[in-house]
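> Pasting in a structure now, in structure tokens, and then I'll have a few things to ask.
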Amino acid sequence: KATVSVLYWWVRNMATAGKVVPKSDEKRTLLSNIEKKVQAEWEAKKIFEVDPPKEGEVDNGKFMATFPYPYMNGCLHLGHAFTLLKAEFAVSYQRLQGKRSVFPFAFHCTGMPIQAAANKLKRDRETYGDPPKFPSGRPHLAAPIEGDNMELLFSPPTSTAHVEITGYTLEVCTEGVWSEVAKVGPETTEVEKKMKIKVTVASPAEKQKLTFRAIAHLADGTSCEASAVSDELTRTVVKEDPKKAKGKAKKPAKIAAKSGDALHQWDIMRGMDVPEEEISTFENPKKWLDYFPPQGKEDLKRLGVHIDFRRSFITTDENPFYDAFIRWQFNKLRAGNRLAFGKRPTVYSETDKQACMDHDRSEGEGGGPTEYTAIKVQVMDPKPECLAGIDKPIYLLCGTLRPETMIGQTNCWILPTGTYGAFDRGDEVVVCSDRAARNMSFQDLFPTWGQTTKVAEMTGEQLMGASLKAPRCQYDRIHLLPLLSIKMDKGTGIVTSVPADSPDDYAAFMDVKKKADFYKVKPEWTDFELIPLIDVEIDGEKRTMCAEYLCKKLDVQSPKDADKLQIAHDIAYNDGFYKGIMSAGEFKGMKVADAKLACKKSMVDAKEAFTYHEPEKLIRSRSGDVCVIALIDQWYLKYGDDEWKQQVMKHVENTLDTYTPACKKAFVDVLNWLNEWACSRSFGLGTQIPWDTQFVIESLSDSTIYMAYYTLAKYFHGDNNLEGKKPSPSGIKAEELSDDVFDYIFLKSAYSADCKVSEEKLAPIRAEFNYFYPLDLRVSGKDLIQNHLTMCLYNHAAIWDKQPEMWPRSIYTNGWVLVDGEKMSKSVGNFISLKGGIEQFSADATRIACASAGDTMEDANFEIPTANNSILKLHSFYEYVEKTKKEELRTSDAGLFIDTWFDNEMARLMEEAKEHFERMRYKEALRCCWFDFSSARSHYYDVLNASGEKPHKDLINRWIEWTCIMMSIIAPHTCEGVWQLMGKEGSVLDSRFPSATFNQEISDKGAYLEKVKSELIEKHTKAAKKQPTAANVYVAKGYPAWKLKVIGMMKDSLKDDKFPNGFMKMFDKKSLPADDILVAKGKQVGQFAGMVKSQFEANGPSAFNLELPFVEMPILKEHSTYLLSKIKVGSSKIEKLNFFETTDENLPEPTTAENAVPGKPSIAFN
């Protein structure tokens, strides 16, 4: 009682102490105060610290779940919370099953995210000062250009070193010269919830292209740097046919324009509540390690996450204990022949001067090298004028994935508007895009690594028509033709053309032939016959030129028929490559798939081509540069090695629980393509490779088996020792952690005499590892399947190769979390930090909204209205318990069905919730134990109120207790508060998940009552205009003979549990004997058969049951007052219900009674 009274005083008085709380905030404040009090109690009791059982203690098993430790280049946010809570919900549920459930958590600092952010801060200071004076935002259109004037918008500078802005100058660029076009004051206008400067200027003339920039002027007489330049703004006048335009509104010309404002790292730091005077100190990467991990820890505590923080740590060599663990891991990988060294094509950041792996990127995660064959097509005399001054052999470089098709070339393609360069390779000059040349320079394909020498620059139009000598081509001379669909961000910008095999080439070649004047080509440039090169069977016949056949079959008229060409391309490529046979050239008779490799080797050996690699998509490092593929010396893990891969594949397919088929398939797909992985970098935060200290282990490679480290981290770190710099709780020093120590702990090795740590100290650590391992659950976003999660499996298989029982047991993945249907983004304005979410909604309301957001690998949706409504519902739950404690409830057994139903319904919902918790379907679990559980209580009260009875005390107390226990998984603070309010012993977190069985027949009775209620309401609504005052309800114990016959005929017609098409025709009069009992029933037969069919489709074979498992009449009569209370429409209210059985004599409405069937009474109002 003392505990209850203290809690009541605390939450009620602390909510308003010392301040006036707006009424709308009172409910949230009450919840927040409960959370603070409960968290303090949990902290004092060390309730989340979980250890193996001591001798004599009960052991109901263990459960260990983990979440990928987040990067500490900022604060935790809602995306982190959404995923990590799924792991925590699982841990909490297993704790309620009596297991020793542990949720450890750490903070990742390895790699480039922190280093890159620190470098950006330094550049901000060097460029803009400290505090900075940033430029204004990039000017952009407020609306499509219409008329002689247009409105431009731009954002004010985000920082002006605390100097007042006095105004702005807007400048326009005309023919390369900047000039002032307008001056405006400092006043801002709110546009889409953002403050902008608005300025009106003259619109561009027709087809004129203008760009703008803004300059802010300050009160100290200085000005900020000019803003980024706007997009080119053009007014396009659309000419319409006057006849067609008649009667239609004029459509304004549109222009796509983006603000594209730069988000400076300084702004980001300030947005994370870092004091301005401290921001510059974050130029030192180590500052981030000291600042954000402790902050993340506090945010997680405020969310109420059940973390054993004794096991928390940071990564990198700043933590000497973890550093020793990673060195041991890599020594084991090397000893197991899982590592190799050499030059490999690798995604590379020129700014950082090192490999750029997935988590070092701001864009392009998952992208790797794609191999191309660069075909050397010689430029013949007479050379184009733009190349005439070059006296070395000149080759166009055509990047291709299909070198085996070169025998079928009729021309090459170039983009007329593209910009190309001629680059010196020593004894020859090659022509390609600048982007391709830059990429190749890092692959030892130019004289100086990472550098190119451009001797000429030209457009594609200047090269059109050039005479070419293409290797393996059957024509001595071909020409360079225009192709408008070439993309300069892929390949070399020059493409080979094989129109006999490629539908795209065929369509373009024929189009150029037909429209020579339009494309500015001479007829002789296209005067070439198609060359058959591959035989392939399509549509049952051998096709010698499949591209021509498919384009004609699909009626492709031009390159603009994109959809048709895509279909043709897919057929030609898949059938041709995998089923085709070469019909010409050196490899005639060989399968195309085999000829590709053979032809590539032959051309490379003959110096007619060379291989090179490109990023498969745009990849940008966290330092901001676009990455290339480089050949660099590096250490790499041999993922994809067949024996290693098959070990992991077998585990994924046969042992690993992935919760959904989609997740399992994703793992299999990744295992089939993941290959050698560069695990070393030249610099950055992390652990040095033990035997080659010039390299640092990259961030994904030091994060694969650290789950095992959690089991021993409490011996090295303990409370408030994330960096491991304080004396360890076990007395072990980091410098004592040799490989022998970890072998003893993790691999069951014998104790070595060379160990610097006594076996007495190591034995309990080893026992703890063997108790908590293997990992029971790993929870992550689905994006990590392509790297971290699959690598986790690979490394477990490598380190515990003889102990597959130590590999992870299950992995759960989810999609991205949206906020109100939109991607969470600072620029959109819907970014929610973890701290901000807790302050806005409370911890428990945030947790409920996360649980409600979704559970599959599809994107989930955090709904702010759900979070806000949860505040109200949690508050109502707490107040309901307060109120109920003061009420006098019924203690006697009145023999009421509704008591039995409520008791049974709680058991049913509890069992359903349990099943969903087991399979991590938290949205459904929440529905059962929160929404539906509350609805069941409301229905219980509703029925009792109609009869004047009070709720039964035992049932209400059970409802409160079970709600507390089940919802403690999702909303633990409120449930702990209510637990104490009820005077319960201990913590709700240490209670046991309810156990009970439900009776389906009781559930069916309750559902029957509600169905009759709905039927009464529906029919009364239709009859209300006649102002009926009574209703006759007819109940059938069984079916009449004609309905029994219909049911029997329907059962006999079933085939494989389905009704055959047209089966209803057997009930037509024409199909029945004249004396059949169904003939006289006319349309009633079809109506009844249709009803039974619908019930069968909804409920299965139970639709054919001839009688109910319960008697209907007693249920209806017992609840007549409840039913009457629901039948009211406006002034029309039913005052009396009369119940009849269809077998009674002298029924008031015999025709209505005939429509009744078991489970579906018929009703008449009068």
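Convention: chains lettered A, B, ... in structure tokens order; per-chain residue numbering from 1; ligands numbered from 1 as shown.
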Name the residues in contact with region 922-926 of chain A at a cut-off of 12 Å, using only C-alpha atoms, excluding same-chain residues fewer than 2 positions from it; report them as a short mmCIF file (atom, residue, chain, number, x, y, z; two decimals) with all heavy atoms, in the first residue's frame.

```
data_model
loop_
_atom_site.label_atom_id
_atom_site.label_comp_id
_atom_site.auth_asym_id
_atom_site.auth_seq_id
_atom_site.Cartn_x
_atom_site.Cartn_y
_atom_site.Cartn_z
N PHE A 82 13.00 1.64 -34.36
CA PHE A 82 12.05 0.73 -35.00
C PHE A 82 12.61 -0.69 -35.07
O PHE A 82 11.91 -1.67 -34.77
CB PHE A 82 11.72 1.24 -36.40
CG PHE A 82 10.92 0.27 -37.22
CD1 PHE A 82 9.60 -0.02 -36.90
CD2 PHE A 82 11.49 -0.37 -38.31
CE1 PHE A 82 8.86 -0.92 -37.65
CE2 PHE A 82 10.77 -1.27 -39.07
CZ PHE A 82 9.44 -1.54 -38.75
N THR A 83 13.88 -0.82 -35.46
CA THR A 83 14.45 -2.16 -35.63
C THR A 83 14.93 -2.74 -34.30
O THR A 83 14.68 -3.91 -34.00
CB THR A 83 15.61 -2.10 -36.63
OG1 THR A 83 15.11 -1.62 -37.89
CG2 THR A 83 16.22 -3.48 -36.84
N LEU A 85 13.89 -2.25 -31.38
CA LEU A 85 12.78 -2.64 -30.50
C LEU A 85 12.25 -4.03 -30.84
O LEU A 85 11.73 -4.73 -29.97
CB LEU A 85 11.65 -1.62 -30.58
CG LEU A 85 11.87 -0.34 -29.76
CD1 LEU A 85 10.76 0.67 -30.03
CD2 LEU A 85 11.95 -0.65 -28.27
N LYS A 86 12.40 -4.44 -32.08
CA LYS A 86 11.95 -5.80 -32.43
C LYS A 86 12.80 -6.84 -31.70
O LYS A 86 12.28 -7.86 -31.25
CB LYS A 86 12.02 -6.00 -33.94
CG LYS A 86 11.03 -5.12 -34.69
CD LYS A 86 10.95 -5.45 -36.15
CE LYS A 86 9.99 -4.50 -36.86
NZ LYS A 86 8.62 -4.55 -36.33
N ALA A 87 14.09 -6.57 -31.57
CA ALA A 87 14.95 -7.46 -30.79
C ALA A 87 14.57 -7.40 -29.32
O ALA A 87 14.48 -8.43 -28.64
CB ALA A 87 16.41 -7.08 -30.99
N GLU A 88 14.32 -6.19 -28.83
CA GLU A 88 13.98 -6.03 -27.42
C GLU A 88 12.63 -6.65 -27.08
O GLU A 88 12.45 -7.26 -26.03
CB GLU A 88 13.99 -4.54 -27.06
CG GLU A 88 13.99 -4.30 -25.56
CD GLU A 88 12.71 -3.61 -25.10
OE1 GLU A 88 11.67 -3.81 -25.74
OE2 GLU A 88 12.76 -2.91 -24.10
N PHE A 89 11.65 -6.53 -27.99
CA PHE A 89 10.35 -7.18 -27.77
C PHE A 89 10.54 -8.69 -27.62
O PHE A 89 9.91 -9.33 -26.77
CB PHE A 89 9.40 -6.91 -28.94
CG PHE A 89 8.97 -5.47 -29.08
CD1 PHE A 89 8.46 -5.00 -30.28
CD2 PHE A 89 9.06 -4.57 -28.02
CE1 PHE A 89 8.05 -3.69 -30.43
CE2 PHE A 89 8.66 -3.24 -28.15
CZ PHE A 89 8.16 -2.81 -29.37
N ALA A 90 11.40 -9.26 -28.46
CA ALA A 90 11.66 -10.71 -28.40
C ALA A 90 12.31 -11.09 -27.07
O ALA A 90 11.95 -12.10 -26.45
CB ALA A 90 12.54 -11.14 -29.57
N TYR A 93 9.66 -10.86 -24.32
CA TYR A 93 8.73 -11.99 -24.39
C TYR A 93 9.37 -13.25 -23.82
O TYR A 93 8.76 -13.99 -23.03
CB TYR A 93 8.29 -12.23 -25.83
CG TYR A 93 7.54 -13.52 -26.01
CD1 TYR A 93 6.23 -13.65 -25.56
CD2 TYR A 93 8.14 -14.62 -26.61
CE1 TYR A 93 5.54 -14.85 -25.70
CE2 TYR A 93 7.47 -15.81 -26.76
CZ TYR A 93 6.17 -15.92 -26.30
OH TYR A 93 5.50 -17.12 -26.43
N ASN A 814 13.75 -6.44 -41.32
CA ASN A 814 12.59 -5.61 -41.64
C ASN A 814 12.95 -4.59 -42.70
O ASN A 814 14.12 -4.38 -43.03
CB ASN A 814 12.06 -4.91 -40.38
CG ASN A 814 13.12 -4.11 -39.65
OD1 ASN A 814 13.56 -4.50 -38.57
ND2 ASN A 814 13.57 -3.00 -40.22
N ARG A 847 7.06 3.51 -28.49
CA ARG A 847 7.23 2.06 -28.63
C ARG A 847 5.99 1.43 -29.27
O ARG A 847 6.10 0.55 -30.13
CB ARG A 847 7.51 1.43 -27.26
CG ARG A 847 8.86 1.82 -26.66
CD ARG A 847 8.97 1.42 -25.20
NE ARG A 847 8.92 -0.02 -25.05
CZ ARG A 847 9.96 -0.82 -24.86
NH1 ARG A 847 11.16 -0.29 -24.76
NH2 ARG A 847 9.81 -2.12 -24.74
N ILE A 848 4.81 1.88 -28.86
CA ILE A 848 3.58 1.33 -29.45
C ILE A 848 3.50 1.68 -30.92
O ILE A 848 3.15 0.83 -31.76
CB ILE A 848 2.35 1.86 -28.69
CG1 ILE A 848 2.25 1.20 -27.31
CG2 ILE A 848 1.07 1.59 -29.48
CD1 ILE A 848 1.12 1.74 -26.45
N ALA A 849 3.82 2.91 -31.28
CA ALA A 849 3.77 3.31 -32.69
C ALA A 849 4.79 2.53 -33.52
O ALA A 849 4.53 2.20 -34.68
CB ALA A 849 4.01 4.81 -32.82
N CYS A 850 5.94 2.22 -32.95
CA CYS A 850 6.93 1.39 -33.64
C CYS A 850 6.40 -0.03 -33.84
O CYS A 850 6.56 -0.62 -34.91
CB CYS A 850 8.24 1.36 -32.86
SG CYS A 850 9.25 2.86 -33.02
N ALA A 851 5.77 -0.59 -32.80
CA ALA A 851 5.22 -1.94 -32.91
C ALA A 851 4.10 -1.99 -33.94
O ALA A 851 3.93 -2.99 -34.65
CB ALA A 851 4.70 -2.41 -31.55
N SER A 852 3.34 -0.91 -34.04
CA SER A 852 2.20 -0.85 -34.95
C SER A 852 2.62 -0.56 -36.39
O SER A 852 1.82 -0.71 -37.31
CB SER A 852 1.22 0.23 -34.48
OG SER A 852 0.11 0.32 -35.30
N ALA A 853 3.88 -0.15 -36.60
CA ALA A 853 4.31 0.32 -37.92
C ALA A 853 4.37 -0.79 -38.95
O ALA A 853 4.19 -0.55 -40.14
CB ALA A 853 5.68 1.00 -37.79
N GLY A 854 4.65 -2.03 -38.54
CA GLY A 854 4.74 -3.12 -39.50
C GLY A 854 5.89 -4.05 -39.19
O GLY A 854 6.83 -3.68 -38.49
N ASP A 855 5.81 -5.28 -39.76
CA ASP A 855 6.79 -6.31 -39.39
C ASP A 855 7.46 -7.00 -40.56
O ASP A 855 8.39 -7.76 -40.38
CB ASP A 855 6.10 -7.39 -38.53
CG ASP A 855 5.55 -6.84 -37.23
OD1 ASP A 855 6.31 -6.20 -36.50
OD2 ASP A 855 4.35 -7.02 -36.97
N THR A 856 6.99 -6.81 -41.78
CA THR A 856 7.54 -7.56 -42.90
C THR A 856 8.77 -6.87 -43.46
O THR A 856 9.22 -5.85 -42.94
CB THR A 856 6.48 -7.68 -44.01
OG1 THR A 856 6.25 -6.38 -44.56
CG2 THR A 856 5.17 -8.24 -43.46
N ALA A 860 7.83 -0.11 -43.53
CA ALA A 860 6.85 0.09 -42.46
C ALA A 860 6.51 1.58 -42.37
O ALA A 860 7.19 2.42 -42.95
CB ALA A 860 7.41 -0.42 -41.14
N ASN A 861 5.46 1.89 -41.62
CA ASN A 861 5.02 3.28 -41.53
C ASN A 861 4.76 3.68 -40.09
O ASN A 861 3.81 3.20 -39.46
CB ASN A 861 3.74 3.47 -42.36
CG ASN A 861 3.34 4.93 -42.48
OD1 ASN A 861 4.18 5.82 -42.36
ND2 ASN A 861 2.07 5.19 -42.69
N PHE A 862 5.63 4.52 -39.56
CA PHE A 862 5.43 5.10 -38.23
C PHE A 862 4.42 6.23 -38.38
O PHE A 862 4.71 7.25 -39.03
CB PHE A 862 6.75 5.62 -37.67
CG PHE A 862 6.65 6.19 -36.28
CD1 PHE A 862 6.95 5.42 -35.17
CD2 PHE A 862 6.27 7.52 -36.07
CE1 PHE A 862 6.87 5.95 -33.88
CE2 PHE A 862 6.19 8.06 -34.81
CZ PHE A 862 6.48 7.26 -33.71
N SER A 870 -1.87 6.86 -28.85
CA SER A 870 -1.35 5.96 -27.82
C SER A 870 -1.16 6.68 -26.49
O SER A 870 -1.32 6.08 -25.43
CB SER A 870 -0.03 5.32 -28.28
OG SER A 870 -0.24 4.50 -29.41
N LEU A 909 -7.61 -14.51 -26.94
CA LEU A 909 -6.74 -13.43 -27.41
C LEU A 909 -5.32 -13.59 -26.89
O LEU A 909 -4.35 -13.28 -27.58
CB LEU A 909 -7.31 -12.07 -26.98
CG LEU A 909 -8.58 -11.63 -27.72
CD1 LEU A 909 -9.17 -10.39 -27.06
CD2 LEU A 909 -8.29 -11.36 -29.19
N MET A 910 -5.19 -14.08 -25.65
CA MET A 910 -3.86 -14.31 -25.10
C MET A 910 -3.11 -15.35 -25.92
O MET A 910 -1.93 -15.18 -26.24
CB MET A 910 -3.98 -14.74 -23.63
CG MET A 910 -2.66 -15.06 -22.95
SD MET A 910 -2.15 -16.79 -23.20
CE MET A 910 -3.48 -17.64 -22.37
N GLU A 911 -3.79 -16.45 -26.28
CA GLU A 911 -3.14 -17.50 -27.07
C GLU A 911 -2.76 -16.99 -28.45
O GLU A 911 -1.71 -17.33 -28.98
CB GLU A 911 -4.07 -18.71 -27.18
CG GLU A 911 -4.11 -19.57 -25.94
CD GLU A 911 -2.76 -20.22 -25.65
OE1 GLU A 911 -2.08 -20.66 -26.60
OE2 GLU A 911 -2.38 -20.26 -24.47
N GLU A 912 -3.65 -16.19 -29.05
CA GLU A 912 -3.34 -15.64 -30.37
C GLU A 912 -2.16 -14.68 -30.29
O GLU A 912 -1.25 -14.69 -31.13
CB GLU A 912 -4.55 -14.94 -30.96
CG GLU A 912 -4.35 -14.49 -32.40
CD GLU A 912 -5.55 -13.80 -33.00
OE1 GLU A 912 -6.64 -13.85 -32.40
OE2 GLU A 912 -5.38 -13.19 -34.09
N ALA A 913 -2.14 -13.83 -29.26
CA ALA A 913 -1.02 -12.91 -29.08
C ALA A 913 0.29 -13.67 -28.89
O ALA A 913 1.33 -13.29 -29.45
CB ALA A 913 -1.28 -12.00 -27.88
N LYS A 914 0.23 -14.75 -28.14
CA LYS A 914 1.43 -15.54 -27.88
C LYS A 914 2.02 -16.08 -29.18
O LYS A 914 3.23 -16.04 -29.41
CB LYS A 914 1.10 -16.70 -26.94
CG LYS A 914 2.29 -17.56 -26.57
CD LYS A 914 1.89 -18.63 -25.55
CE LYS A 914 3.10 -19.47 -25.15
NZ LYS A 914 2.74 -20.50 -24.15
N GLU A 915 1.14 -16.55 -30.06
CA GLU A 915 1.61 -17.08 -31.35
C GLU A 915 2.29 -15.98 -32.16
O GLU A 915 3.33 -16.21 -32.79
CB GLU A 915 0.42 -17.64 -32.12
CG GLU A 915 0.79 -18.24 -33.48
CD GLU A 915 -0.42 -18.76 -34.24
OE1 GLU A 915 -1.44 -19.07 -33.59
OE2 GLU A 915 -0.34 -18.84 -35.47
N HIS A 916 1.72 -14.78 -32.14
CA HIS A 916 2.33 -13.68 -32.89
C HIS A 916 3.64 -13.23 -32.26
O HIS A 916 4.60 -12.92 -32.98
CB HIS A 916 1.36 -12.50 -32.95
CG HIS A 916 0.14 -12.76 -33.79
ND1 HIS A 916 0.21 -13.28 -35.06
CD2 HIS A 916 -1.20 -12.59 -33.53
CE1 HIS A 916 -1.00 -13.41 -35.57
NE2 HIS A 916 -1.88 -13.00 -34.65
N PHE A 917 3.72 -13.19 -30.94
CA PHE A 917 4.99 -12.85 -30.29
C PHE A 917 6.07 -13.87 -30.64
O PHE A 917 7.23 -13.49 -30.86
CB PHE A 917 4.81 -12.78 -28.77
CG PHE A 917 4.26 -11.47 -28.26
CD1 PHE A 917 3.11 -11.43 -27.48
CD2 PHE A 917 4.90 -10.27 -28.55
CE1 PHE A 917 2.60 -10.22 -27.01
CE2 PHE A 917 4.40 -9.06 -28.09
CZ PHE A 917 3.25 -9.04 -27.32
N GLU A 918 5.71 -15.14 -30.69
CA GLU A 918 6.68 -16.20 -31.01
C GLU A 918 7.31 -15.96 -32.38
O GLU A 918 8.50 -16.17 -32.56
CB GLU A 918 6.00 -17.57 -30.98
CG GLU A 918 5.69 -18.09 -29.60
CD GLU A 918 6.90 -18.72 -28.92
OE1 GLU A 918 7.97 -18.80 -29.55
OE2 GLU A 918 6.78 -19.14 -27.76
N ARG A 919 6.50 -15.51 -33.35
CA ARG A 919 6.98 -15.35 -34.72
C ARG A 919 7.29 -13.90 -35.07
O ARG A 919 7.45 -13.55 -36.23
CB ARG A 919 5.95 -15.92 -35.71
CG ARG A 919 5.71 -17.40 -35.54
CD ARG A 919 6.99 -18.21 -35.57
NE ARG A 919 7.70 -18.07 -36.85
CZ ARG A 919 8.96 -18.42 -37.04
NH1 ARG A 919 9.69 -18.89 -36.04
NH2 ARG A 919 9.52 -18.27 -38.23
N MET A 920 7.40 -13.05 -34.06
CA MET A 920 7.81 -11.66 -34.21
C MET A 920 6.87 -10.88 -35.14
O MET A 920 7.31 -10.05 -35.94
CB MET A 920 9.26 -11.58 -34.70
CG MET A 920 10.24 -12.19 -33.72
SD MET A 920 11.96 -12.03 -34.18
CE MET A 920 12.21 -10.26 -34.02
N CYS A 928 -3.94 -7.96 -30.72
CA CYS A 928 -4.58 -8.93 -29.82
C CYS A 928 -4.56 -8.46 -28.37
O CYS A 928 -5.59 -8.45 -27.69
CB CYS A 928 -3.88 -10.28 -29.93
SG CYS A 928 -4.10 -11.09 -31.52
N CYS A 929 -3.37 -8.09 -27.87
CA CYS A 929 -3.24 -7.87 -26.42
C CYS A 929 -3.50 -6.42 -26.01
O CYS A 929 -3.50 -6.11 -24.82
CB CYS A 929 -1.86 -8.31 -25.93
SG CYS A 929 -0.48 -7.33 -26.54
N TRP A 930 -3.78 -5.55 -26.96
CA TRP A 930 -4.04 -4.15 -26.62
C TRP A 930 -5.40 -3.71 -27.17
O TRP A 930 -6.34 -3.47 -26.42
CB TRP A 930 -2.92 -3.28 -27.16
CG TRP A 930 -2.93 -1.82 -26.76
CD1 TRP A 930 -2.86 -0.75 -27.59
CD2 TRP A 930 -2.96 -1.26 -25.44
NE1 TRP A 930 -2.85 0.43 -26.90
CE2 TRP A 930 -2.91 0.15 -25.56
CE3 TRP A 930 -3.03 -1.81 -24.16
CZ2 TRP A 930 -2.92 1.03 -24.48
CZ3 TRP A 930 -3.05 -0.94 -23.06
CH2 TRP A 930 -3.00 0.44 -23.22
N PHE A 931 -5.53 -3.68 -28.48
CA PHE A 931 -6.77 -3.18 -29.07
C PHE A 931 -7.93 -4.15 -28.89
O PHE A 931 -8.99 -3.78 -28.37
CB PHE A 931 -6.54 -2.86 -30.55
CG PHE A 931 -5.51 -1.78 -30.77
CD1 PHE A 931 -4.27 -2.09 -31.29
CD2 PHE A 931 -5.78 -0.47 -30.44
CE1 PHE A 931 -3.31 -1.11 -31.48
CE2 PHE A 931 -4.84 0.53 -30.64
CZ PHE A 931 -3.60 0.20 -31.16
N ASP A 932 -7.74 -5.41 -29.31
CA ASP A 932 -8.83 -6.39 -29.17
C ASP A 932 -9.09 -6.72 -27.71
O ASP A 932 -10.24 -6.98 -27.31
CB ASP A 932 -8.51 -7.66 -29.95
CG ASP A 932 -8.60 -7.44 -31.45
OD1 ASP A 932 -8.93 -6.31 -31.86
OD2 ASP A 932 -8.32 -8.38 -32.21
N PHE A 933 -8.06 -6.74 -26.89
CA PHE A 933 -8.23 -7.03 -25.47
C PHE A 933 -9.06 -5.92 -24.81
O PHE A 933 -9.94 -6.19 -23.98
CB PHE A 933 -6.85 -7.14 -24.80
CG PHE A 933 -6.77 -8.22 -23.75
CD1 PHE A 933 -6.95 -9.55 -24.10
CD2 PHE A 933 -6.50 -7.92 -22.42
CE1 PHE A 933 -6.87 -10.56 -23.13
CE2 PHE A 933 -6.42 -8.91 -21.46
CZ PHE A 933 -6.60 -10.24 -21.82
N SER A 934 -8.80 -4.67 -25.21
CA SER A 934 -9.60 -3.56 -24.69
C SER A 934 -11.03 -3.63 -25.22
O SER A 934 -11.99 -3.34 -24.48
CB SER A 934 -8.97 -2.23 -25.10
OG SER A 934 -7.70 -2.07 -24.51
N THR A 963 -3.30 -7.73 -19.18
CA THR A 963 -2.92 -6.59 -20.01
C THR A 963 -1.54 -6.10 -19.62
O THR A 963 -0.68 -5.84 -20.48
CB THR A 963 -3.95 -5.45 -19.88
OG1 THR A 963 -5.23 -5.91 -20.28
CG2 THR A 963 -3.55 -4.27 -20.76
N MET A 966 1.20 -8.82 -20.78
CA MET A 966 1.42 -8.90 -22.23
C MET A 966 1.93 -7.58 -22.78
O MET A 966 2.86 -7.55 -23.61
CB MET A 966 0.14 -9.33 -22.93
CG MET A 966 -0.29 -10.76 -22.63
SD MET A 966 -1.66 -11.35 -23.66
CE MET A 966 -3.01 -10.33 -23.06
N MET A 967 1.36 -6.47 -22.34
CA MET A 967 1.77 -5.17 -22.86
C MET A 967 3.09 -4.69 -22.25
O MET A 967 3.67 -3.72 -22.75
CB MET A 967 0.67 -4.14 -22.62
CG MET A 967 -0.43 -4.18 -23.67
SD MET A 967 0.17 -3.86 -25.35
CE MET A 967 0.67 -2.15 -25.23
N SER A 968 3.57 -5.35 -21.21
CA SER A 968 4.88 -4.97 -20.67
C SER A 968 5.97 -5.20 -21.69
O SER A 968 7.05 -4.61 -21.61
CB SER A 968 5.18 -5.76 -19.39
OG SER A 968 5.46 -7.11 -19.69
N ILE A 969 5.71 -6.04 -22.68
CA ILE A 969 6.67 -6.26 -23.76
C ILE A 969 6.82 -5.00 -24.60
O ILE A 969 7.92 -4.64 -25.01
CB ILE A 969 6.19 -7.44 -24.64
CG1 ILE A 969 6.18 -8.74 -23.83
CG2 ILE A 969 7.05 -7.59 -25.89
CD1 ILE A 969 5.50 -9.91 -24.52
N ILE A 970 5.71 -4.30 -24.82
CA ILE A 970 5.70 -3.16 -25.74
C ILE A 970 5.68 -1.83 -25.00
O ILE A 970 6.37 -0.88 -25.40
CB ILE A 970 4.51 -3.28 -26.70
CG1 ILE A 970 4.67 -4.54 -27.56
CG2 ILE A 970 4.37 -2.04 -27.57
CD1 ILE A 970 3.47 -4.86 -28.43
N ALA A 971 4.92 -1.73 -23.93
CA ALA A 971 4.82 -0.47 -23.16
C ALA A 971 5.15 -0.75 -21.70
O ALA A 971 4.28 -0.72 -20.83
CB ALA A 971 3.41 0.12 -23.30
#
```
> So that each row is one residue of region 970-1049 of chain A with an atom at most 12 Å from region 298-312 of chain A, can you give its shortest atom pair and the distance in Å to one decimal, using only C-alpha atoms, rows by chain and rising number, as a tab-separated table?

```
residue	atom	partner	partner_atom	distance
A:Ile970	CA	A:Gly304	CA	9.9
A:Ala971	CA	A:Gly304	CA	8.8
A:Pro972	CA	A:Gly304	CA	7.4
A:His973	CA	A:Gly304	CA	7.4
A:Thr974	CA	A:Gly304	CA	10.9
A:Glu976	CA	A:Gly304	CA	11.4
A:Leu989	CA	A:His306	CA	9.9
```
> For region 368-373 of chain A, work out the shell of residues within 8 Å, counting only C-alpha atoms and skipping chain neighbours fewer than 5 positions away, then give it as a list in words.
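Final neighbour list, sorted by chain and number: Pro345, Thr346, Val347, Cys398, Gly399, Thr400, Leu401, Arg402, Pro403, Gly491, Lys600, Ala609, Phe610, Thr611, Tyr612, His613, Glu614, Pro615, Glu616, Lys617 and Ile629 of chain A.
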> Point out the residue among A:Ala867, A:Val670, A:Val978, A:Met1064 with the least atom-to-atom distance to Met1091 (chain A), counting only C-alpha atoms.
A:Met1064
> Leaving out Asp899 (chain A) and any residue of its chain fewer than 5 positions from it, which residues lie within 10 Å of it when counting only C-alpha atoms, given as a list of chain:residue names?
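Returned residues: A:Asp893, A:Ala894, A:Asn904, A:Glu905, A:Tyr940, A:Val943, A:Leu944, A:Pro951, A:His952, A:Leu955.
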